[in-house]
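S.K.: The following file, data33.cif, comprises mmCIF, C-alpha atoms:
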data_work
loop_
_atom_site.label_atom_id
_atom_site.label_comp_id
_atom_site.auth_asym_id
_atom_site.auth_seq_id
_atom_site.Cartn_x
_atom_site.Cartn_y
_atom_site.Cartn_z
CA MET A 1 0.00 0.00 0.00
CA HIS A 2 1.56 3.21 -1.20
CA GLU A 3 -1.52 5.33 -0.76
CA LEU A 4 0.06 7.02 2.25
CA SER A 5 2.89 8.40 0.11
CA ILE A 6 0.32 9.39 -2.50
CA ALA A 7 -1.77 11.14 0.17
CA LEU A 8 1.29 13.06 1.38
CA SER A 9 1.98 14.16 -2.20
CA ILE A 10 -1.63 15.31 -2.57
CA ILE A 11 -1.38 17.36 0.62
CA GLU A 12 1.93 18.90 -0.42
CA GLY A 13 0.56 19.70 -3.88
CA ALA A 14 -2.66 21.14 -2.47
CA GLN A 15 -0.74 23.41 -0.10
CA GLU A 16 1.43 24.74 -2.90
CA GLU A 17 -1.55 25.33 -5.16
CA ALA A 18 -3.45 27.05 -2.34
CA GLU A 19 -0.55 29.47 -1.83
CA ARG A 20 -0.42 30.13 -5.54
CA HIS A 21 -4.12 31.01 -5.52
CA GLY A 22 -3.97 33.55 -2.74
CA GLY A 23 -3.86 31.27 0.28
CA GLY A 24 -6.62 30.42 2.71
CA ARG A 25 -7.60 27.26 4.47
CA VAL A 26 -8.08 24.24 2.24
CA SER A 27 -11.40 22.67 3.18
CA ALA A 28 -11.58 20.15 0.35
CA VAL A 29 -9.35 18.65 -2.32
CA HIS A 30 -10.80 17.20 -5.51
CA VAL A 31 -8.74 14.52 -7.22
CA LYS A 32 -9.15 12.43 -10.35
CA VAL A 33 -8.01 8.83 -10.08
CA GLY A 34 -7.86 6.49 -13.05
CA PRO A 35 -8.15 2.72 -12.68
CA LEU A 36 -4.67 2.35 -14.21
CA SER A 37 -3.03 4.76 -11.78
CA GLY A 38 -2.31 1.95 -9.35
CA VAL A 39 -4.17 3.76 -6.58
CA VAL A 40 -7.15 2.33 -4.74
CA ARG A 41 -9.84 4.83 -3.82
CA ASP A 42 -10.76 3.50 -0.38
CA SER A 43 -7.15 3.08 0.70
CA LEU A 44 -6.46 6.60 -0.46
CA LEU A 45 -9.36 8.04 1.54
CA PHE A 46 -8.19 6.19 4.61
CA ALA A 47 -4.59 7.29 4.17
CA TYR A 48 -5.59 10.89 3.46
CA ASP A 49 -7.17 11.45 6.87
CA LEU A 50 -4.11 10.02 8.59
CA ALA A 51 -1.71 12.03 6.47
CA CYS A 52 -3.59 15.29 7.12
CA GLU A 53 -3.05 15.11 10.85
CA GLY A 54 -0.69 17.80 12.04
CA THR A 55 -0.83 19.65 8.71
CA PRO A 56 -2.84 22.77 7.82
CA LEU A 57 -5.14 20.46 5.86
CA ASN A 58 -6.28 18.64 8.98
CA GLY A 59 -10.04 18.17 8.78
CA SER A 60 -10.23 18.75 5.04
CA ARG A 61 -12.17 16.43 2.78
CA LEU A 62 -10.84 14.44 -0.14
CA LEU A 63 -13.25 14.02 -3.03
CA VAL A 64 -12.24 11.30 -5.43
CA GLU A 65 -13.58 11.22 -8.96
CA GLU A 66 -12.88 7.90 -10.63
CA THR A 67 -12.30 8.22 -14.35
CA PRO A 68 -13.10 5.55 -16.95
CA VAL A 69 -10.49 3.84 -19.12
CA THR A 70 -10.57 4.96 -22.71
CA ILE A 71 -8.40 3.82 -25.61
CA HIS A 72 -7.78 4.99 -29.12
CA CYS A 73 -9.53 2.42 -31.27
CA PRO A 74 -7.58 1.91 -34.50
CA ALA A 75 -10.65 0.40 -36.20
CA CYS A 76 -13.14 3.11 -35.25
CA GLY A 77 -10.42 5.77 -35.58
CA MET A 78 -11.48 7.49 -32.40
CA GLU A 79 -11.37 7.48 -28.60
CA ARG A 80 -13.63 4.81 -27.17
CA ALA A 81 -14.37 3.40 -23.74
CA ALA A 82 -12.45 0.18 -23.07
CA VAL A 83 -14.47 -2.91 -22.19
CA SER A 84 -12.74 -2.97 -18.80
CA VAL A 85 -9.40 -2.41 -17.15
CA GLU A 86 -8.75 -6.15 -17.54
CA GLN A 87 -9.75 -6.10 -21.19
CA LEU A 88 -8.29 -3.24 -23.17
CA CYS A 89 -10.38 -3.42 -26.27
CA CYS A 90 -12.95 -1.19 -27.91
CA SER A 91 -16.36 -1.42 -26.25
CA VAL A 92 -18.00 -0.77 -29.62
CA CYS A 93 -16.18 -2.99 -32.12
CA GLY A 94 -14.03 -5.19 -29.87
CA LYS A 95 -10.65 -4.29 -31.42
CA PRO A 96 -7.80 -4.54 -28.85
CA SER A 97 -5.69 -1.43 -28.29
CA ALA A 98 -2.90 -0.60 -25.87
CA GLU A 99 -3.12 3.09 -26.67
CA VAL A 100 -4.60 4.34 -23.41
CA MET A 101 -6.10 7.83 -23.70
CA GLN A 102 -7.57 8.10 -20.22
CA GLY A 103 -7.36 6.03 -17.05
CA ARG A 104 -3.84 6.66 -15.78
CA GLU A 105 -4.62 10.00 -14.16
CA LEU A 106 -3.73 10.83 -10.61
CA GLU A 107 -4.40 14.53 -10.44
CA VAL A 108 -5.48 17.25 -8.10
CA VAL A 109 -8.14 19.03 -10.15
CA ALA A 110 -9.67 21.53 -7.72
CA LEU A 111 -9.42 22.97 -4.24
CA GLU A 112 -12.02 24.49 -1.98
CA LEU A 113 -10.51 27.42 -0.12
CA GLU A 114 -11.98 29.31 2.83
CA MET B 1 -16.51 34.69 9.83
CA ALA B 2 -15.39 32.49 7.02
CA GLY B 3 -17.39 33.03 3.86
CA GLU B 4 -18.46 30.43 1.37
CA PRO B 5 -15.52 28.34 0.29
CA ARG B 6 -14.27 29.30 -3.14
CA LEU B 7 -13.56 26.60 -5.67
CA VAL B 8 -10.25 26.94 -7.41
CA GLU B 9 -9.50 24.79 -10.42
CA VAL B 10 -5.99 23.43 -10.60
CA ARG B 11 -4.49 20.68 -12.72
CA ARG B 12 -1.66 19.10 -10.95
CA ASN B 13 -0.25 15.64 -11.37
CA VAL B 14 0.05 14.19 -7.87
CA LEU B 15 3.33 12.53 -8.80
CA LYS B 16 4.70 15.70 -10.39
CA HIS B 17 7.82 15.65 -8.22
CA ASN B 18 8.59 12.04 -9.07
CA ASP B 19 7.92 12.65 -12.76
CA LEU B 20 10.32 15.61 -12.81
CA VAL B 21 13.06 13.65 -11.05
CA ALA B 22 12.47 10.70 -13.41
CA ARG B 23 12.71 12.99 -16.40
CA GLU B 24 16.06 14.27 -15.14
CA LEU B 25 17.24 10.67 -14.64
CA ARG B 26 16.18 9.79 -18.18
CA ARG B 27 18.13 12.77 -19.49
CA ARG B 28 21.24 11.73 -17.55
CA PHE B 29 20.96 8.13 -18.75
CA GLN B 30 20.60 9.22 -22.33
CA GLU B 31 23.51 11.66 -22.11
CA ALA B 32 25.74 8.99 -20.58
CA GLY B 33 24.63 6.41 -23.15
CA VAL B 34 23.49 3.89 -20.56
CA TYR B 35 20.47 1.70 -21.25
CA VAL B 36 18.34 1.22 -18.15
CA ALA B 37 15.91 -1.64 -17.55
CA SER B 38 13.80 -2.08 -14.43
CA LEU B 39 12.20 -5.26 -13.13
CA VAL B 40 8.93 -5.55 -11.25
CA SER B 41 7.12 -8.63 -9.99
CA SER B 42 5.58 -10.12 -6.89
CA PRO B 43 7.99 -11.50 -4.26
CA GLY B 44 9.44 -14.86 -5.19
CA SER B 45 8.90 -14.77 -8.94
CA GLY B 46 12.61 -14.95 -9.66
CA LYS B 47 13.71 -11.36 -10.32
CA THR B 48 17.03 -11.76 -8.57
CA THR B 49 17.88 -15.11 -10.21
CA PHE B 50 16.93 -13.72 -13.61
CA LEU B 51 18.99 -10.61 -13.00
CA GLU B 52 22.00 -12.54 -11.71
CA ALA B 53 21.98 -14.66 -14.88
CA THR B 54 21.61 -11.53 -17.00
CA LEU B 55 24.51 -9.73 -15.32
CA THR B 56 26.73 -12.81 -15.54
CA LYS B 57 26.03 -13.35 -19.24
CA LEU B 58 26.43 -9.70 -20.23
CA ARG B 59 29.47 -8.99 -18.14
CA PRO B 60 32.30 -10.43 -20.22
CA ASN B 61 31.70 -7.89 -22.98
CA ARG B 62 29.54 -5.20 -21.46
CA ARG B 63 29.82 -2.82 -18.55
CA VAL B 64 26.84 -3.58 -16.34
CA ALA B 65 25.64 -2.55 -12.89
CA ALA B 66 22.51 -3.00 -10.81
CA LEU B 67 20.45 -1.36 -8.11
CA VAL B 68 18.21 -3.55 -6.03
CA GLY B 69 15.34 -2.44 -3.81
CA ASP B 70 14.08 -4.29 -0.76
CA LEU B 71 12.22 -3.39 2.40
CA ALA B 72 15.05 -4.87 4.47
CA THR B 73 18.37 -6.77 4.23
CA ASP B 74 21.06 -6.57 1.58
CA ASN B 75 20.80 -10.28 0.70
CA ASP B 76 19.92 -9.57 -2.91
CA ARG B 77 22.88 -7.24 -3.33
CA ALA B 78 25.17 -10.00 -2.09
CA ARG B 79 23.60 -12.51 -4.49
CA LEU B 80 23.86 -10.20 -7.48
CA ALA B 81 27.42 -9.20 -6.60
CA ARG B 82 28.47 -12.81 -7.30
CA SER B 83 28.17 -11.88 -10.97
CA GLY B 84 31.12 -9.53 -10.45
CA ALA B 85 29.07 -6.47 -11.42
CA PRO B 86 28.86 -3.42 -9.16
CA VAL B 87 25.60 -3.63 -7.22
CA ARG B 88 24.00 -1.31 -4.73
CA GLN B 89 21.15 -2.12 -2.37
CA ILE B 90 18.36 0.36 -1.77
CA VAL B 91 16.75 -0.43 1.57
CA THR B 92 13.34 1.21 1.50
CA GLY B 93 12.34 0.50 5.11
CA THR B 94 8.56 0.61 5.12
CA VAL B 95 8.18 1.89 1.58
CA CYS B 96 6.80 -0.71 -0.82
CA HIS B 97 8.25 0.65 -4.06
CA LEU B 98 11.22 2.50 -5.49
CA ASP B 99 10.83 6.10 -6.57
CA ALA B 100 12.97 8.35 -8.73
CA ASP B 101 14.53 10.10 -5.70
CA MET B 102 15.75 6.77 -4.28
CA VAL B 103 17.31 5.85 -7.62
CA THR B 104 19.00 9.25 -7.89
CA LYS B 105 20.43 8.91 -4.41
CA ALA B 106 21.63 5.34 -5.00
CA LEU B 107 23.49 6.42 -8.12
CA ASP B 108 25.49 9.00 -6.19
CA GLY B 109 29.17 8.68 -7.00
CA TRP B 110 28.69 6.28 -9.91
CA GLU B 111 30.04 7.46 -13.24
CA LEU B 112 27.19 6.59 -15.60
CA ARG B 113 29.45 7.03 -18.63
CA ASP B 114 31.35 3.96 -17.50
CA LEU B 115 28.24 1.81 -17.92
CA ASP B 116 26.50 0.23 -20.90
CA PHE B 117 23.60 -1.25 -18.96
CA LEU B 118 22.01 -0.51 -15.61
CA PHE B 119 19.36 -2.77 -14.13
CA VAL B 120 17.00 -1.69 -11.39
CA GLU B 121 15.24 -4.40 -9.43
CA ASN B 122 12.17 -3.00 -7.74
CA VAL B 123 10.72 -4.13 -4.42
CA GLY B 124 8.67 -7.32 -4.85
CA ASN B 125 5.21 -5.87 -5.28
CA LEU B 126 2.75 -5.87 -8.17
CA VAL B 127 0.79 -2.83 -7.11
CA CYS B 128 2.73 0.18 -5.91
CA PRO B 129 5.67 0.31 -8.36
CA SER B 130 3.23 0.90 -11.23
CA SER B 131 2.73 4.53 -10.21
CA TYR B 132 6.40 5.54 -10.19
CA ASP B 133 8.47 6.34 -13.25
CA LEU B 134 12.15 5.63 -12.56
CA GLY B 135 13.50 7.12 -15.78
CA GLU B 136 14.12 3.66 -17.21
CA ASN B 137 14.15 2.81 -20.92
CA LEU B 138 12.46 -0.51 -20.40
CA ARG B 139 10.26 -1.95 -17.70
CA LEU B 140 9.91 -5.71 -17.42
CA VAL B 141 7.13 -7.34 -15.47
CA LEU B 142 7.93 -10.89 -14.37
CA ILE B 143 5.44 -13.63 -13.60
CA SER B 144 6.54 -17.13 -12.71
CA VAL B 145 4.81 -20.37 -13.65
CA THR B 146 4.30 -21.09 -9.95
CA GLU B 147 1.92 -18.13 -9.76
CA GLY B 148 -1.63 -17.99 -11.09
CA GLU B 149 -2.29 -17.52 -14.81
CA ASP B 150 -4.67 -14.73 -13.86
CA LYS B 151 -2.02 -12.47 -12.30
CA PRO B 152 -2.29 -10.04 -15.25
CA LEU B 153 -6.05 -9.70 -14.73
CA LYS B 154 -5.57 -9.12 -11.01
CA TYR B 155 -2.85 -6.51 -11.50
CA PRO B 156 -3.68 -4.75 -14.76
CA SER B 157 -1.97 -1.47 -13.78
CA ILE B 158 1.49 -2.95 -13.42
CA PHE B 159 1.18 -4.85 -16.72
CA ASN B 160 -0.02 -1.67 -18.33
CA SER B 161 2.93 0.30 -16.99
CA ALA B 162 5.46 -2.26 -18.27
CA ASP B 163 6.88 -2.76 -21.76
CA VAL B 164 7.68 -6.46 -21.80
CA ALA B 165 6.36 -9.43 -19.81
CA VAL B 166 8.68 -12.25 -18.80
CA ILE B 167 7.34 -15.64 -17.79
CA THR B 168 10.00 -17.12 -15.50
CA LYS B 169 10.79 -20.62 -14.20
CA ILE B 170 9.56 -22.02 -17.51
CA ASP B 171 11.46 -25.24 -16.69
CA LEU B 172 8.78 -25.88 -14.04
CA LEU B 173 5.91 -25.40 -16.46
CA ARG B 174 4.65 -29.00 -16.27
CA ALA B 175 5.31 -29.56 -12.58
CA ALA B 176 3.40 -26.38 -11.75
CA GLU B 177 0.58 -27.29 -14.18
CA PHE B 178 0.73 -23.74 -15.43
CA ASP B 179 -1.69 -22.93 -18.24
CA LEU B 180 0.64 -21.05 -20.57
CA GLU B 181 -2.03 -20.32 -23.17
CA ALA B 182 -4.31 -18.75 -20.57
CA SER B 183 -1.52 -16.61 -19.17
CA LEU B 184 -0.56 -15.36 -22.64
CA ARG B 185 -4.22 -14.59 -23.36
CA ASN B 186 -4.52 -12.69 -20.07
CA ILE B 187 -1.40 -10.65 -20.77
CA GLN B 188 -2.73 -9.68 -24.20
CA SER B 189 -6.08 -8.79 -22.65
CA VAL B 190 -4.63 -6.23 -20.22
CA ARG B 191 -1.91 -5.02 -22.58
CA PRO B 192 -2.63 -5.78 -26.23
CA GLY B 193 0.53 -6.34 -28.27
CA MET B 194 2.80 -6.78 -25.25
CA PRO B 195 5.95 -8.77 -26.12
CA VAL B 196 6.33 -11.83 -23.91
CA LEU B 197 9.50 -13.77 -23.15
CA GLN B 198 9.54 -17.27 -21.67
CA VAL B 199 12.69 -17.95 -19.70
CA SER B 200 14.39 -20.19 -17.21
CA ALA B 201 17.37 -18.52 -15.61
CA LYS B 202 18.26 -21.95 -14.22
CA THR B 203 18.47 -23.89 -17.49
CA GLY B 204 19.21 -20.87 -19.64
CA GLU B 205 16.13 -21.43 -21.81
CA GLY B 206 14.98 -18.19 -23.42
CA MET B 207 17.89 -16.19 -22.00
CA GLU B 208 19.56 -15.75 -25.41
CA GLU B 209 16.44 -14.12 -26.81
CA TRP B 210 16.25 -11.79 -23.82
CA LEU B 211 19.92 -10.86 -24.10
CA ARG B 212 19.57 -10.17 -27.83
CA LEU B 213 16.63 -7.92 -27.04
CA VAL B 214 18.45 -5.96 -24.36
CA GLU B 215 21.67 -5.77 -26.40
CA ALA B 216 19.73 -4.30 -29.30
CA GLY B 217 18.37 -1.71 -26.89
CA GLY B 218 15.71 -0.96 -29.45
CA ILE B 219 12.68 -1.63 -27.32
CA GLY B 220 11.05 0.35 -24.61
CA ARG B 221 10.22 3.97 -24.09
CA GLY B 222 13.30 5.60 -25.65
#
Written as C-alpha cells, that's how I'd like the structure from this file.
M.R.:
Amino acid sequence: MHELSIALSIIEGAQEEAERHGGGRVSAVHVKVGPLSGVVRDSLLFAYDLACEGTPLNGSRLLVEETPVTIHCPACGMERAAVSVEQLCCSVCGKPSAEVMQGRELEVVALELE
Amino acid sequence: MAGEPRLVEVRRNVLKHNDLVARELRRRFQEAGVYVASLVSSPGSGKTTFLEATLTKLRPNRRVAALVGDLATDNDRARLARSGAPVRQIVTGTVCHLDADMVTKALDGWELRDLDFLFVENVGNLVCPSSYDLGENLRLVLISVTEGEDKPLKYPSIFNSADVAVITKIDLLRAAEFDLEASLRNIQSVRPGMPVLQVSAKTGEGMEEWLRLVEAGGIGRG
C-alpha cells in the first residue's frame, strides 16, 4: 500500500496550489483517479485522513472522482471506452488497443478554499 | 466569519515531483549512453535469479551494474554481486516501491558514462511500483509459472505500466501445471501487443532471446 505516500503528495501539492491562488484554508481537495493509476480509492481516503493530521489540511475532505479507461480504437479511428481495465479493447467494435487515452490519471483538479 | 468556500481549479499531477526527477534521470541516462531496464514482480517470482543470470552473461563484454530495492536486508545485493558487477542495495524501510529520488540517491558517486547497462530491481510488489516512473528505458514485469495464470487480470496497472512481460521458471511449467495459453491470453487482454519472453534462468532457456533484445536496446520507451 503506497496510498500514504500518495496522500502526502496530494497534501503537499494542495498546499502549494493554495498558496499560488492567494492562500486560505483548504477545506476540500478534488482529485481524479484512473483505474490504471495503481491507486485504490478506499485506501487513499483512509490514508488521506491520517496524512492530514498535524498539517494545515487537517479536517479537510478528499473528493475522489474515478475516471473511466478509454483507448484509441484503430478500427473506429477514435477514442472509445475500453471494455474494462482487464480487457483493453474497444467497447463498440471489440478491437484490442494498448493506446490508453484516459485512465492513468492521478491529479489534483480543484481545491475548496476558505 | 469564514465566507463560502471558493472553488479553485488546478491541474496538478500528484506525482509531479517524481515525474520531474524521473525525467532528469532519463536525461542523464541518455547523455551517458546507458540503457536502463527495471524489473517488477511479486515477491518470489525470480527477479534476482533472472537478473544474476543476466549480469553474468552480459558482463564479459559489457559494462553492467545494478540497483536492487528491498524493504530490508542486503541479501539480494550479495547474491547479485556474485556476478562480479557493481551492485548497490536500496533499503526502503517501510516503503513498498522505489521512486525516482531513491534511484537518484543510490546512483550517487557512480560514473554513468562507465556503464552500458544498468538494471534496477524494484521491491517485490505488483501494485505500488506501477505509479512511479524511474526514468528507465524498459520496464519488465515478471510472472513465474508457480503463480496464477490470472495475475495479469488481477494486477492490470502494473502490466499496463510495463513494456515487456517475462514468464520465469519455464522449466517448471509442467510440474506447476501452469496454463501457458491462458496466461498469454490474459497478458494480451490487459496489454494488447505486449511482447512476452519465456525464460528459465536456471536452465538458460529463453535467456539468449532476452539478451539479444536488451543488447539491441531498441525496445522500450526511448
S.K.: Need to verify the contact set: Val40 (chain A), 10 Å, all atoms listed in the file, exclusion of same-chain residues closer than 2 positions in sequence. Can you return it as a list in words?
M.R.: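 That gives Met1, His2, Glu3, Val33, Gly34, Pro35, Leu36, Ser37, Gly38, Asp42, Ser43, Leu44, Leu45 and Glu66 of chain A; Val127 of chain B.
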S.K.: Can you measure CA of Ser38 (chain B) to CA of Ala78 (chain B) for me? One decimal in Å is fine.
M.R.: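 Separation between CA of Ser38 (chain B) and CA of Ala78 (chain B): 18.6 Å.
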S.K.: Write out as CSV a residue-level contact list of chain A versus chain B with cut-off 8 Å: for each qualifying residue the closest pair of atoms and the distance in Å to one decimal, counting only C-alpha atoms, rows sorted by chain and residue number upward.
M.R.:
residue,atom,partner,partner_atom,distance
A:Met1,CA,B:Cys128,CA,6.5
A:His2,CA,B:Cys128,CA,5.7
A:Ile6,CA,B:Val14,CA,7.2
A:Ser9,CA,B:Val14,CA,6.0
A:Ile10,CA,B:Val14,CA,5.7
A:Gly13,CA,B:Val14,CA,6.8
A:Glu17,CA,B:Val10,CA,7.3
A:His21,CA,B:Val8,CA,7.6
A:Ser27,CA,B:Pro5,CA,7.6
A:Pro35,CA,B:Ser157,CA,7.5
A:Leu36,CA,B:Ser157,CA,4.7
A:Ser37,CA,B:Ser131,CA,6.0
A:Gly38,CA,B:Ser157,CA,5.6
A:Val39,CA,B:Cys128,CA,7.8
A:Val85,CA,B:Pro156,CA,6.6
A:Glu86,CA,B:Val190,CA,4.9
A:Gln87,CA,B:Ser189,CA,4.8
A:Leu88,CA,B:Val190,CA,5.6
A:Cys89,CA,B:Ser189,CA,7.8
A:Pro96,CA,B:Pro192,CA,5.9
A:Ser97,CA,B:Pro192,CA,5.7
A:Ala98,CA,B:Pro192,CA,5.2
A:Glu105,CA,B:Asn13,CA,7.7
A:Leu106,CA,B:Val14,CA,5.8
A:Glu107,CA,B:Asn13,CA,4.4
A:Val108,CA,B:Arg12,CA,5.1
A:Val109,CA,B:Arg11,CA,4.8
A:Ala110,CA,B:Glu9,CA,4.2
A:Leu111,CA,B:Val8,CA,5.1
A:Glu112,CA,B:Leu7,CA,4.5
A:Leu113,CA,B:Pro5,CA,5.1
A:Glu114,CA,B:Pro5,CA,4.5
S.K.: Apply the PyMOL selection byres ((chain B and resi 171) around 12) to the file shown and report the selected residues as a list in words.
M.R.: Ser144, Val145, Thr146, Ile167, Thr168, Lys169, Ile170, Leu172, Leu173, Arg174, Ala175, Ala176, Glu177, Phe178, Gln198, Val199, Ser200, Ala201, Lys202, Thr203, Gly204, Glu205 and Gly206 of chain B
S.K.: Those same residues, written as a compact mmCIF listing (two decimals), in the coordinates of the input with C-alpha atoms?
M.R.:
# COMPACT_ATOMS: atom_id res chain seq x y z
CA SER B 144 6.54 -17.13 -12.71
CA VAL B 145 4.81 -20.37 -13.65
CA THR B 146 4.30 -21.09 -9.95
CA ILE B 167 7.34 -15.64 -17.79
CA THR B 168 10.00 -17.12 -15.50
CA LYS B 169 10.79 -20.62 -14.20
CA ILE B 170 9.56 -22.02 -17.51
CA LEU B 172 8.78 -25.88 -14.04
CA LEU B 173 5.91 -25.40 -16.46
CA ARG B 174 4.65 -29.00 -16.27
CA ALA B 175 5.31 -29.56 -12.58
CA ALA B 176 3.40 -26.38 -11.75
CA GLU B 177 0.58 -27.29 -14.18
CA PHE B 178 0.73 -23.74 -15.43
CA GLN B 198 9.54 -17.27 -21.67
CA VAL B 199 12.69 -17.95 -19.70
CA SER B 200 14.39 -20.19 -17.21
CA ALA B 201 17.37 -18.52 -15.61
CA LYS B 202 18.26 -21.95 -14.22
CA THR B 203 18.47 -23.89 -17.49
CA GLY B 204 19.21 -20.87 -19.64
CA GLU B 205 16.13 -21.43 -21.81
CA GLY B 206 14.98 -18.19 -23.42
S.K.: Quick one: which residues end up in the PyMOL selection byres ((chain B and resi 74-77) around 12) for this structure, as a PyMOL selection string?
M.R.: chain B and resi 44+46-52+65-73+78-93+120-124
S.K.: Would you list the residues near (-16.0, 2.8, -30.8) (no more than 6 Å away, in the coordinates of the file, using only C-alpha atoms) as a list in words?
M.R.: Cys76, Arg80, Cys90, Val92 and Cys93 of chain A
S.K.: Could you save those same residues with C-alpha atoms as a tab-separated table (two decimals), keeping the file's coordinate frame?
M.R.:
chain	number	residue	atom	x	y	z
A	76	CYS	CA	-13.14	3.11	-35.25
A	80	ARG	CA	-13.63	4.81	-27.17
A	90	CYS	CA	-12.95	-1.19	-27.91
A	92	VAL	CA	-18.00	-0.77	-29.62
A	93	CYS	CA	-16.18	-2.99	-32.12
S.K.: Tell me which protein, DNA and RNA residues are within 12 Å of region 135-139 of chain B, counting only C-alpha atoms, leaving out same-chain ones fewer than 3 positions away, and put them as an MDAnalysis selection string.
M.R.: chainID B and resid 18:30 33:41 98:104 117:122 129:130 132 142 158:166 194:195 213:214 217:222
S.K.: Can you tell me how far CA of Val31 (chain A) sits from CA of Leu62 (chain A), in Å to one decimal?
M.R.: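 Taking CA of Val31 (chain A) and CA of Leu62 (chain A), their separation equals 7.4 Å.
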S.K.: Just say which residues the PyMOL selection byres ((chain A and resi 99) around 8) picks in this file, as a list in words.
M.R.: Ile71, His72, Cys73, Ser97, Ala98, Val100 and Met101 of chain A
S.K.: How big is the axis-aligned box around the listed atoms of region 6-22 of chain A once 6 Å is added on each side, and where is its centre? Give both in Å to one decimal, as JSON.
M.R.:
{"center_x": -1.1, "center_y": 21.5, "center_z": -2.1, "size_x": 18.1, "size_y": 36.2, "size_z": 18.9}
S.K.: Which value, in Å to one decimal, gives the distance between CA of Glu53 (chain A) and CA of Leu4 (chain A)?
M.R.: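 Computing it gives 12.2 Å between the two atoms.
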